[in-house]
Every structure is written in structure tokens, then in C-alpha cells.
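Accompanying notes for the structure given below.
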Amino acid sequence: MTSVPLVIGMMVMALGLTVIVGWHARLPALIQLHPDFAPMKYNTALCFLGAGGGVLAIALRARRVALALGSIVALVGLLTLAEYAFDSDLGIDQLLFRTYIFTQTSHPGRMSPVAALIFSLSGLALIAAGSFHLRGKGRLASGLLSSLVIALSSIAILGYVTGLTGTYGWGLLSRMALHTAFGFLALGLGIFVIAWREELATANRSPRWLPVSTSLAALCATILLWHALTVREQEEMQQAAQANAVSVKNEILARLGSEMHSLRHMARRWEYSGQPTREAWEADAIAHIGDSEGDAGIAWVDPELRVQWVVPQAGIILARGNEEAGEEQRKSFEMTRDGREPRFTRPMDFLHGGTGLLASMPIYRQERFEGLIVKIIRLPEFLDATLGKDLAAGYAITLSAGGEDFYQRPEGAQPSPEQAVAEVPVGIHGSAWVARIWPGKELLAAQRSHYIEAVVILGVLASALLGLSVYLAQGAITRSQQLAGANLELQREMAERGRAEQELQSSERRFSSAFEHASIGMALVSPDGHWLKANRALCQLIGYAPQELYVKTFQDITHPDDLDADVGHMRQILANEAPSYQMEKRYLHKEGRVVWVLLSVSLVRDGRDQPMHFISQIQDITKRKEAETKLGTMHKELLEASRRAGMAEVATSVLHNVGNVLNSVNVSCSLVAAKVRKSRVGSVAKAADLLHEHSGDLAAFFTSDPQGKKLPDFLGKLAARLSEEQSEVIGELQLLGKNIDHIKNVVAMQQNHAKGSGVTETVRVTDLVDDSLRMNVDALLRHQVHVTRDYGEAPEITVEKHKAVQILVNLIRNAKQSCDESGRADKQVTVRVTNGDDRVRVAVIDNGVGIARENMTRIFAHGYTTKPEGHGFGLHSGALAAREMGGSLAVHSAGPGAGATFTLELPLGPRANPEPKP
């Protein structure tokens, strides 16, 4: 599907570029498909260029470009809609180009509102399509919006085919070009395909929003079609009203012309024959009055514009007392006289009530004005007779002059805002009327077509049915796919079941073969103890043939001393209290002798968890039992030799532990000897000699002699220095005493090794660590090993103090040696104290040479060492001592060069049952 958006994007861009070239090259054929059709506006072509580029960008995964282009297209569309909505000009219509074709265009350069709406939807769809990181929401929005674009453009194309202008134009505003509609159709399809493709790529199924988009598009098309049909109906009603308005106008003009023609006949007779007698004139006037309804009378107005003769006399209704009407009447007479043309006055109120007008005809005989022939016409009767019932039947009619209605049919009729009103001017011989006509309620109801409502109802139903059909079709396709997948899965399961059955049969054959030819005894035993099946090895072991064994129970051949224990284990398995059991027991051989066996039993249950049979594995251990008896005798004989060997190991341990402390004793002695050699005591003898030499003149010696002056100060400094040396020597001697005491305790501890636990003390574990570090401090300083104390919460523990100190001294000494052997400049030993779970842990961590993996399992073995001068007793004796105190000694190392961590773990209290000594 990737190629479809690419092709559509390029097609839409090519359409926009072609129209832009047409505008610049002044090629109307590229701008409008027909001279009577609306042109594609320049802004529309630019938006097609951007929208096509957006589709192309999405197809090429340039989503940021698509977002930018979609935003620009949507913004132009929304701004154009705002111009229409607020009747304003934002200056964007001809910002880049001034158009010169204005067919079906309300605003130069401005795209139609339909095109602006579709561009807004298309731009938002591109934004949604470029924002697929929103996952389902982006695909849903782009799918729905593109469906609306497809629906609107399709209905616009249908409108061009059927002549429904309301599908591509709203009211008197600019129309959308035909090729614009085709461009929108392609654009909507491109975005829709992109949304569909993303849905397939993400969920591997047709879009879930497809029923909604289909129904929404059909509903949108229905609404647009309803609007177009409504516009068509209103246009037809407007045309019908306009035709009737013209008929009304023509009829009124004909009647007014007829009235004026009768007056012209009387005036011409006067002009040809001269002024008649009054009796002759009145007879002629009476004859003309009877010509039509609405004639109220005829009068002769003399040259002074005074009314003289009036027929009939009872109908003198001229405006004589009404000044306003009289002024209008006089102006009309003067205009008729001066213009020498017949004239109608505007409608006026008569003296005795009613509305009418005057028709005046000038009389000129031999260029001499001899007055006017004036006909008085009552308008209601005149117009009722003129219009009749059949003319514009069903329509309401109003006639007005100067903005005021003077005639209404029916009385008080006024149009509603939604009615189609036709308005025509009616003008003849100075009259300036306006006739308005619109269908009455009954005619309006008759003219309104019910098929529009039917189209809307059917369209809504069709939209719902279409969405439901798509939904059901999707469900059917999904179920079909699921069924196909289920069939494949069923076929796979059947194939697997066939393979499983074959494997089961093969397994049963293998089991039967393995069961029968097993080197140990195997049997199937019923829950009540009967032998169901026994292999050859078991029969040989207990001396029974299979047929002899199957008529017995296992209880029959079990030694009486072992029967209760065996039956008890079986009951536990049957009660689901244990899955299996193993025991050593004795069978009675057919010949009567005892056969020792190792019995392993498990239970097989059926699908309802009911017991079926026991599987027993029976291994002959008679020879092992005999060997154990012999070993018992040998053990007693070797006990004494073992005790002696243990004493030798104790002696070795004593030497090793005492040796560690003697190292510290040796260091302390060396330091004391060095301090004594370097002591300033000899300076005291020299000072004494000087004092003895000047004993006779000490006063002069101290005041005058240069050496005597310096002697008191020298003696003070010498005293301070000797005091410091004394303190250092005393300190070393105290440490030496502690080490000697520790040697005695080590010897005593090792002496008690074979007798029982030593004396325990309650001490803080950090005190033990500090004592151990002090015993190694000189060696650590001499080898420039930096020591870090990392003490957590340090509780008190009850422990054999000297035994724990000996372990820590050995661990710290080993850590120092490991750092020294590594050759590192940053030699580091960390002692970390932690506690938890009623135990305390002391970890000695170094960054020395580390321990190889193959040495980790034997590092605590007796006699094992990696040092040329080592003897392998330190860690071994430390591990034994830790175990005797109820603790442990563990080691961890990542390998050579990665250092090592030795962890001594001790209980907070003394061990209740100390491990016995060998």
C-alpha cells in the first residue's frame, strides 16, 4: 500500500502546480474546466500543493514535514471560513496573486466556503496522520476526517452532474470548481489509505473505526444532499413566485393602461371638437365610468387647476379638505400640465374614506391648455377586480409605494423570513409601486416536497445500515479468520496428538522394556498391597516367580519389624500427605533369608484424582548393610588412631596461631630495642660531666659561659624527649604484654579444644575488630596498607573472645599479604561490621591478588595454601573455630586481581549445643 499514497500525493501536487501555472500563464483552460464553471482559486491551488506534499511526506515517513504542511493547510482553510463567517477580509485572498476570472465568485481570489471547510478537515487529517505516535487516536482521527473529505468531495462531483448547486456552493457565495472536487477526492483517499495502512501495520486487521467513518461519511453526504435539495426547492419556489409576480405586474399595468386609455379618448374628443357642453361631457363621462370596477368618478379640472365638473355629483371625493392630500393632488395636476403626459398620483386617502389614486390626462387644444380630465379610482376594488382569484392563486400579494403598503391580499399578510419572496417594480405614467409576492401557507405546504424529508430519513437509515453492515462484515471476516486459524490450530493439535500418541506408544514400549530389563527391582502394587506386575530383577531378588508373587501382597514378604513403618508411609501417600516415600526395609526371601532393600514408592492417580497403583523401585542393599557392619567394627579400631591424629592437628594449629602473634611480639621487641638505641640518655651523662666540671663556680657558669647559658634549656628539652621515649616504650611494652597474654590464651584455647568450649565473654564486636587491627597495625603501616573501618550498628555478642580475635587477626594478616603481593600503589583493606537475623557479620575486604575460581572450594581445606612459605593451617583452623562458636567463615572473589572478601558470621548469643570436637 505504500505506493498508493506516493502516487496520490504526487497527483494532488501536480493538480495544484498545473493550476498555478495556468494563472501565471493566463491559460483559462487550466483554471476552469468550462467557461460557465467556477475557476480554481490561486489559494486553492497552493493548498493542494501543500496537502499533496503532506501526503507524500507521510508516505516517506517525514512526519514533521507532514505536520508542518498540514498545519498550514488547516490554517488557510480556517482563516477563509472566518472571513465568510464574520464578513471580513484578512488580506489572504489575493496576497500572492491577483486573480482575473470571477465566474461564480463572490469575493475575488477567495476559495469557496466548501473548499475552505474541506481544506480545514484535510489539514487536521494530515496533522493526525503525522502524529501516529498518539497510536490509536491519531489513526482514528485521520480515518474519520479523511472519510468526511471523501464524502464532501463526492457529493460535490454528484452536484455538478445533477445540477444541484447546493453541493458545491452555499447561497450566493463563491462556488467550488469541479477539478477542485476531484482533487479533494484524491486527497481524502490518500489520507484514508495511510490511516488504513498504519492500522494494518499496527494491529494486523482492518480498522476498528471503519464502520464509524463509513457511517459518518454517509451521514455527511446525506446532510449535504439534503441541503442541496432544499436549495433547489427554494430556487424553484423563488422562480415560481417571480413568474407570478411578473404576471401580477403585467395585469396591473394592463388595467392601468386601460384606464388611462379611456381618459385619453375623452381628451382627444375635446381637443378635436372643442369644449363640449356640460350635459354632453357628463354623458360621455358616465359612459366611461361604467367601463371597470373601482372607478369612483370623472372630473374636469379647469386651466386654473380647479375642479369644475364631477360625475357623478354624489361621488365628489376629491381631496378638498385634506391639505396633505390636496397638495399631492395639486402637484400631480401641475406635473401633468407641465409634462403634457398622462400621470397617476401616488395612492392617497380619500376625503370620505378609502384609498385610491387619481389618473389625470391633459387637454391641449391648439397648444392651449384647457384643463385636465381626471378619473378617481378606488384601489381596493380596482386591484381586487384586476387581480381576481385566479391570478397568482395561493400567493400573498402586497403593493407599496414610498415604503408604505397600500394593498394586501389577504388583509394583513406579511412574509416569514424563510419564505421565498419575489419583488418586482410596477411603474407606468409616473407611478412607482413595488409588488411583493410569496406563497401562502397552504400553497407553501403544497409546494414543499416530501421527498426531501424522505431522502434525509433514508440517508440517515442508510448511514446507520451501512456502518452496521461494515461492522458485521468486519466481524464476519474476523470470525472467518479466527475460524481458519482455529482450523489450522485444530489440524496442528490433531497432528501433535497423533505424534503424542505415537510417542506415548513408543514411550510405553520403552517403559515396558526398561521396566522388564531394569537392573533394579521394579513393581506395580495395588492400593491394597497386591503385586500387579514385577520385573525380572525383583523376582530374582526375592526368589519368587511372577505367578507366585501375584497371588501375594507385599505385606506377606515384608519383615515384621519393618511392616508398620512401610504401611504408615503408604497411608500418608494415599491421604495426599506426601507425594512419595523412601525407606530401607527387609524382605523375606523365598528361601527364608533376609534381603535388605532401599524402597522408593510413588502413587499414580487417575483423572479424578483416585489412586490407581503404586510404582515401587527396589534396590538390593544387602551387601552395603554387611559392609556397614564391618565398618562399625573398623570405626572402633580407628577411633584411637583418629584421636591421636587430631592431637597432632591441634599442635599444628597452636604453632600457627602462636606464630601469628609472635610476629607482632617480634615487631614490638624490635621497636623497643630501636628506641633504646636511639635514646638521648647519653646526653644526660654529658650534662652531668659539665656540671661536675664547673661545680665550684656554677653561678658564673650558668650566667657567663655560652654552654652554661644553653644548659637549662637543653635539660628541659631533653627531659621532654626522654618523657616521650618513656611513653612510647611503655606503650610498646603494654602491647607486648597483650600479645604474650594472647599467646597464653591461644595455647589454653587449643588445650581446651578436645575438652569442650572455652570461657565466653560479652563484648562489642567492634572492640574485637579494633584489638585485631592493633595486633597487625605495625605490619599494615610498614607495608603502606590503608585500613577503612565501616561499622554499622555494632551490638554486643557473647563469644569466646580470644578464639574470635585469632580468626580476625589471621584474616587481616592474610588481607595485608594479598595487597602486598598485588604490587598496587593503592593498597586497601576494609573491615565492615553488619548485623541482622540475630547474627553479626565481620567482612574483611582487600583489593589484592584475588582467588582463582578453582581454589574457592578448597581454600579452607587442611594443609591447602598458595604461599611458598605457607602451611595451610590458618584458614582451616579459623573455619573450624567459627563453626564451633555456631558461626561460619565464607569467602568470595571475582577472580585473580579482583581482591577477596572473607566474612566471619557469629550468633549474638552463645551456641546452645556446641559442635563436638574431634
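To be explicit about the labels: the chains of the C-alpha cells are called A, B, and onward in the order shown, and within each one the residues are counted from 1, while ligands get numbers from 1 in the order they are shown.
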
**Report entry** Within 10 Å of stretch 137-141 of chain A using only C-alpha atoms, minus same-chain residues under 4 positions, as a list in words
**Finding:** Leu124, Ala125, Leu126, Ile127, Ala128, Ala129, Gly130, Ser131, Phe132, His133, Leu145, Ser146, Ser147, Phe192, Ile194, Ala195, Trp196, Arg197, Glu198, Glu199, Pro207, Arg208, Trp209, Leu210, Val212 and Ser213 of chain A

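Look at stretch 31-33 of chain A: the protein and nucleic acid residues within 6 Å of it, using only C-alpha atoms and passing over chain neighbours fewer than 6 places away, are Val19, Gly22, Pro39 and Met40 of chain A.
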
Could those selected residues go to a file with N, CA, C and O atoms, as a JSON list (two decimals), in the first residue's frame?
[["chain", "number", "residue", "atom", "x", "y", "z"],
["A", 19, "VAL", "N", -2.60, 24.32, -11.99],
["A", 19, "VAL", "CA", -3.48, 25.50, -11.89],
["A", 19, "VAL", "C", -2.66, 26.76, -11.62],
["A", 19, "VAL", "O", -2.95, 27.83, -12.17],
["A", 22, "GLY", "N", -1.34, 27.81, -14.80],
["A", 22, "GLY", "CA", -2.42, 28.38, -15.60],
["A", 22, "GLY", "C", -2.72, 29.82, -15.24],
["A", 22, "GLY", "O", -2.95, 30.67, -16.12],
["A", 39, "PRO", "N", -13.78, 28.98, -11.40],
["A", 39, "PRO", "CA", -12.34, 28.65, -11.52],
["A", 39, "PRO", "C", -11.79, 28.14, -10.20],
["A", 39, "PRO", "O", -12.34, 28.42, -9.12],
["A", 40, "MET", "N", -10.70, 27.39, -10.26],
["A", 40, "MET", "CA", -9.97, 27.03, -9.04],
["A", 40, "MET", "C", -9.13, 28.23, -8.63],
["A", 40, "MET", "O", -8.31, 28.71, -9.40]]

Requested in this report: Find the residues around A:Gly123 up to 10 Å (only C-alpha atoms counted), leave out those fewer than 4 positions away in its own chain, and share them as a ChimeraX atom specification.
Outcome: /A:47,50-51,54,66-78,117-119,127-129,142,145-146

Residues of the last selection are to be written out with C-alpha atoms, as a PDB file, in the first residue's frame.
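File result.pdb, as written:
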ATOM      1  CA  CYS A  47      -3.211  24.430  -0.604  1.00  0.00           C
ATOM      2  CA  GLY A  50       0.915  21.722   0.369  1.00  0.00           C
ATOM      3  CA  ALA A  51      -1.624  18.969   1.085  1.00  0.00           C
ATOM      4  CA  GLY A  54       1.934  16.333   3.242  1.00  0.00           C
ATOM      5  CA  ALA A  66       3.637  16.445   7.149  1.00  0.00           C
ATOM      6  CA  LEU A  67       2.736  18.122  10.441  1.00  0.00           C
ATOM      7  CA  ALA A  68       4.020  21.487   9.212  1.00  0.00           C
ATOM      8  CA  LEU A  69       2.256  21.297   5.819  1.00  0.00           C
ATOM      9  CA  GLY A  70      -0.976  20.031   7.385  1.00  0.00           C
ATOM     10  CA  SER A  71      -0.933  22.909   9.878  1.00  0.00           C
ATOM     11  CA  ILE A  72      -0.505  25.478   7.077  1.00  0.00           C
ATOM     12  CA  VAL A  73      -3.339  23.973   5.005  1.00  0.00           C
ATOM     13  CA  ALA A  74      -5.687  23.822   8.013  1.00  0.00           C
ATOM     14  CA  LEU A  75      -4.816  27.405   8.980  1.00  0.00           C
ATOM     15  CA  VAL A  76      -5.601  28.779   5.490  1.00  0.00           C
ATOM     16  CA  GLY A  77      -8.915  26.904   5.447  1.00  0.00           C
ATOM     17  CA  LEU A  78      -9.935  28.115   8.905  1.00  0.00           C
ATOM     18  CA  LEU A 117     -14.129  23.574   5.037  1.00  0.00           C
ATOM     19  CA  ILE A 118     -12.632  20.588   3.222  1.00  0.00           C
ATOM     20  CA  PHE A 119      -9.098  22.058   3.424  1.00  0.00           C
ATOM     21  CA  ILE A 127      -1.811  16.572  11.408  1.00  0.00           C
ATOM     22  CA  ALA A 128      -3.427  13.459  12.888  1.00  0.00           C
ATOM     23  CA  ALA A 129      -1.703  11.227  10.321  1.00  0.00           C
ATOM     24  CA  SER A 142      -7.174  10.739  10.323  1.00  0.00           C
ATOM     25  CA  LEU A 145     -11.567  13.231   8.842  1.00  0.00           C
ATOM     26  CA  SER A 146     -10.450  11.700   5.535  1.00  0.00           C
TER      27      SER A 146
END

Requested in this report: Using only C-alpha atoms, determine which residues lie at most 10 Å from stretch 452-462 of chain A, disregarding the query and same-chain residues fewer than 6 positions distant; provide the list as a ChimeraX atom specification.
Outcome: /A:215-216,218-230,233,468-469

Put those residues in a file: C-alpha atoms, as a short mmCIF file (atom, residue, chain, number, x, y, z; two decimals), in the first residue's frame.
data_model
loop_
_atom_site.label_atom_id
_atom_site.label_comp_id
_atom_site.auth_asym_id
_atom_site.auth_seq_id
_atom_site.Cartn_x
_atom_site.Cartn_y
_atom_site.Cartn_z
CA SER A 215 -21.45 5.80 8.63
CA LEU A 216 -20.17 9.32 9.30
CA ALA A 218 -22.68 8.63 4.50
CA LEU A 219 -24.39 10.85 7.07
CA CYS A 220 -22.34 13.85 5.94
CA ALA A 221 -23.26 13.09 2.32
CA THR A 222 -26.93 12.86 3.34
CA ILE A 223 -26.81 16.24 5.08
CA LEU A 224 -25.10 17.87 2.12
CA LEU A 225 -27.59 16.28 -0.29
CA TRP A 226 -30.46 17.48 1.90
CA HIS A 227 -29.01 20.98 1.81
CA ALA A 228 -28.64 20.86 -1.96
CA LEU A 229 -32.21 19.60 -2.45
CA THR A 230 -33.53 22.23 -0.07
CA GLU A 233 -36.59 23.58 -3.83
CA LEU A 468 -23.74 -1.70 10.73
CA SER A 469 -23.07 -3.65 7.54
#

Write out as a tab-separated table (two decimals) with all heavy atoms, in the first residue's frame each polymer residue whose atoms come within 9 Å of A:Lys827, counting only C-alpha atoms; drop sequence neighbours fewer than 5 positions from it.
chain	number	residue	atom	x	y	z
A	783	HIS	N	53.80	-1.82	55.41
A	783	HIS	CA	53.53	-2.16	54.00
A	783	HIS	C	52.59	-1.15	53.34
A	783	HIS	O	52.12	-1.38	52.22
A	783	HIS	CB	52.92	-3.57	53.88
A	783	HIS	CG	53.90	-4.65	54.23
A	783	HIS	ND1	54.10	-5.11	55.53
A	783	HIS	CD2	54.75	-5.38	53.44
A	783	HIS	CE1	55.00	-6.06	55.52
A	783	HIS	NE2	55.43	-6.26	54.27
A	784	GLN	N	52.35	-0.03	54.05
A	784	GLN	CA	51.56	1.08	53.49
A	784	GLN	C	50.18	0.60	52.99
A	784	GLN	O	49.73	0.91	51.88
A	784	GLN	CB	52.31	1.75	52.33
A	784	GLN	CG	53.61	2.39	52.75
A	784	GLN	CD	54.33	3.03	51.58
A	784	GLN	OE1	54.02	2.77	50.42
A	784	GLN	NE2	55.30	3.90	51.88
A	785	VAL	N	49.51	-0.16	53.86
A	785	VAL	CA	48.16	-0.63	53.56
A	785	VAL	C	47.17	0.27	54.30
A	785	VAL	O	47.25	0.41	55.52
A	785	VAL	CB	47.96	-2.09	53.98
A	785	VAL	CG1	46.52	-2.54	53.70
A	785	VAL	CG2	48.94	-2.99	53.23
A	786	HIS	N	46.27	0.90	53.53
A	786	HIS	CA	45.28	1.81	54.13
A	786	HIS	C	44.09	0.99	54.64
A	786	HIS	O	43.54	0.16	53.92
A	786	HIS	CB	44.79	2.83	53.10
A	786	HIS	CG	43.74	3.76	53.65
A	786	HIS	ND1	44.05	4.74	54.56
A	786	HIS	CD2	42.41	3.83	53.40
A	786	HIS	CE1	42.93	5.39	54.85
A	786	HIS	NE2	41.92	4.85	54.16
A	787	VAL	N	43.73	1.22	55.90
A	787	VAL	CA	42.64	0.47	56.54
A	787	VAL	C	41.43	1.39	56.69
A	787	VAL	O	41.55	2.52	57.17
A	787	VAL	CB	43.07	-0.09	57.92
A	787	VAL	CG1	41.90	-0.81	58.58
A	787	VAL	CG2	44.24	-1.04	57.74
A	816	LYS	N	46.48	-8.24	54.33
A	816	LYS	CA	47.66	-7.41	54.16
A	816	LYS	C	48.63	-8.06	53.19
A	816	LYS	O	49.19	-7.42	52.28
A	816	LYS	CB	48.32	-7.19	55.53
A	816	LYS	CG	49.54	-6.29	55.51
A	816	LYS	CD	50.84	-7.07	55.38
A	816	LYS	CE	51.06	-7.99	56.56
A	816	LYS	NZ	52.32	-8.77	56.41
A	819	CYS	N	47.36	-7.78	49.55
A	819	CYS	CA	47.59	-6.44	48.99
A	819	CYS	C	49.06	-6.25	48.65
A	819	CYS	O	49.39	-5.66	47.60
A	819	CYS	CB	47.11	-5.37	49.98
A	819	CYS	SG	45.33	-5.32	50.19
A	820	ASP	N	49.94	-6.73	49.52
A	820	ASP	CA	51.36	-6.54	49.30
A	820	ASP	C	51.83	-7.32	48.07
A	820	ASP	O	52.64	-6.83	47.28
A	820	ASP	CB	52.12	-6.99	50.55
A	820	ASP	CG	53.55	-6.46	50.55
A	820	ASP	OD1	53.74	-5.28	50.19
A	820	ASP	OD2	54.47	-7.24	50.87
A	822	SER	N	50.05	-7.95	45.46
A	822	SER	CA	49.46	-7.41	44.22
A	822	SER	C	50.35	-6.36	43.57
A	822	SER	O	50.23	-6.09	42.37
A	822	SER	CB	48.08	-6.81	44.51
A	822	SER	OG	48.21	-5.63	45.29
A	846	ASP	N	39.75	-6.89	50.78
A	846	ASP	CA	41.01	-6.35	50.29
A	846	ASP	C	40.95	-6.21	48.77
A	846	ASP	O	40.08	-6.78	48.11
A	846	ASP	CB	42.18	-7.27	50.68
A	846	ASP	CG	42.11	-8.62	49.98
A	846	ASP	OD1	42.37	-8.69	48.76
A	846	ASP	OD2	41.79	-9.61	50.66
A	847	ASN	N	41.84	-5.41	48.21
A	847	ASN	CA	41.94	-5.24	46.75
A	847	ASN	C	43.23	-5.88	46.23
A	847	ASN	O	43.90	-5.35	45.37
A	847	ASN	CB	41.86	-3.77	46.36
A	847	ASN	CG	43.00	-2.94	46.93
A	847	ASN	OD1	43.74	-3.43	47.79
A	847	ASN	ND2	43.15	-1.71	46.47
A	848	GLY	N	43.55	-7.04	46.82
A	848	GLY	CA	44.81	-7.71	46.49
A	848	GLY	C	44.73	-8.63	45.30
A	848	GLY	O	44.02	-8.37	44.33

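The smallest atom-to-atom distance between A:Ala432 and any of A:Ala890, A:Ala401, A:Leu904, A:Ile298, using only C-alpha atoms, is found for A:Ala401.
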
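For the choices A:Thr355, A:Asn487, A:Ser174, A:Gln308, the atom-to-atom distance to A:Ala115 is smallest for A:Ser174 when using only C-alpha atoms.
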
Query - Those in stretch 811-857 of chain A with alpha helix (DSSP H) from DSSP, as a VMD selection string - result: chain A and resid 811 to 822

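Distances from A:Ala413, A:Met10, A:Ala881, A:Ala900 to A:Lys801 were compared using only C-alpha atoms, and the smallest one belongs to A:Ala881.
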
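If you measure from each of A:Pro5, A:Ala59, A:Thr99, A:Pro611 to A:Trp23 using only C-alpha atoms, the closest one turns out to be A:Thr99.
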
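Using only C-alpha atoms for every distance, the candidate list A:Ala299, A:Val842, A:Ile373, A:Ala245 yields A:Ile373 as the residue closest to A:Arg343.
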
**Report entry** Surrounding residues of A:Val849 excluding itself and chain neighbours under 6 positions, 10 Å, only C-alpha atoms, as a VMD selection string
**Finding:** chain A and resid 815 817 to 824 893 895 to 900

May I have the residues from that selection written out with N, CA and C atoms, as a CSV table (one decimal), in the first residue's frame?
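Below is the file that was written, out_26.csv:
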chain,number,residue,atom,x,y,z
A,815,ALA,N,44.9,-10.5,54.4
A,815,ALA,CA,44.5,-9.4,53.5
A,815,ALA,C,45.7,-8.5,53.3
A,817,GLN,N,48.8,-9.4,53.3
A,817,GLN,CA,49.8,-10.1,52.5
A,817,GLN,C,49.2,-10.1,51.0
A,818,SER,N,47.9,-10.2,50.8
A,818,SER,CA,47.4,-10.2,49.5
A,818,SER,C,47.6,-8.9,48.8
A,819,CYS,N,47.4,-7.8,49.5
A,819,CYS,CA,47.6,-6.4,49.0
A,819,CYS,C,49.1,-6.2,48.7
A,820,ASP,N,49.9,-6.7,49.5
A,820,ASP,CA,51.4,-6.5,49.3
A,820,ASP,C,51.8,-7.3,48.1
A,821,GLU,N,51.3,-8.5,47.9
A,821,GLU,CA,51.7,-9.3,46.7
A,821,GLU,C,51.1,-8.8,45.4
A,822,SER,N,50.0,-7.9,45.5
A,822,SER,CA,49.5,-7.4,44.2
A,822,SER,C,50.3,-6.4,43.6
A,823,GLY,N,51.2,-5.7,44.4
A,823,GLY,CA,52.1,-4.7,43.8
A,823,GLY,C,51.4,-3.4,43.6
A,824,ARG,N,50.1,-3.2,44.0
A,824,ARG,CA,49.4,-2.0,43.8
A,824,ARG,C,49.9,-0.9,44.7
A,893,SER,N,35.3,-14.1,45.8
A,893,SER,CA,36.3,-13.3,45.0
A,893,SER,C,35.8,-13.4,43.5
A,895,GLY,N,37.8,-13.2,41.1
A,895,GLY,CA,38.9,-13.9,40.3
A,895,GLY,C,40.2,-13.2,40.6
A,896,PRO,N,41.2,-13.7,39.9
A,896,PRO,CA,42.6,-13.1,40.1
A,896,PRO,C,42.6,-11.6,39.8
A,897,GLY,N,43.3,-10.9,40.7
A,897,GLY,CA,43.4,-9.4,40.5
A,897,GLY,C,42.2,-8.6,41.0
A,898,ALA,N,41.1,-9.3,41.4
A,898,ALA,CA,39.9,-8.6,41.8
A,898,ALA,C,39.7,-8.5,43.3
A,899,GLY,N,40.7,-8.9,44.1
A,899,GLY,CA,40.6,-8.9,45.6
A,899,GLY,C,39.7,-10.0,46.1
A,900,ALA,N,39.5,-10.0,47.4
A,900,ALA,CA,38.8,-11.1,48.0
A,900,ALA,C,38.0,-10.5,49.3
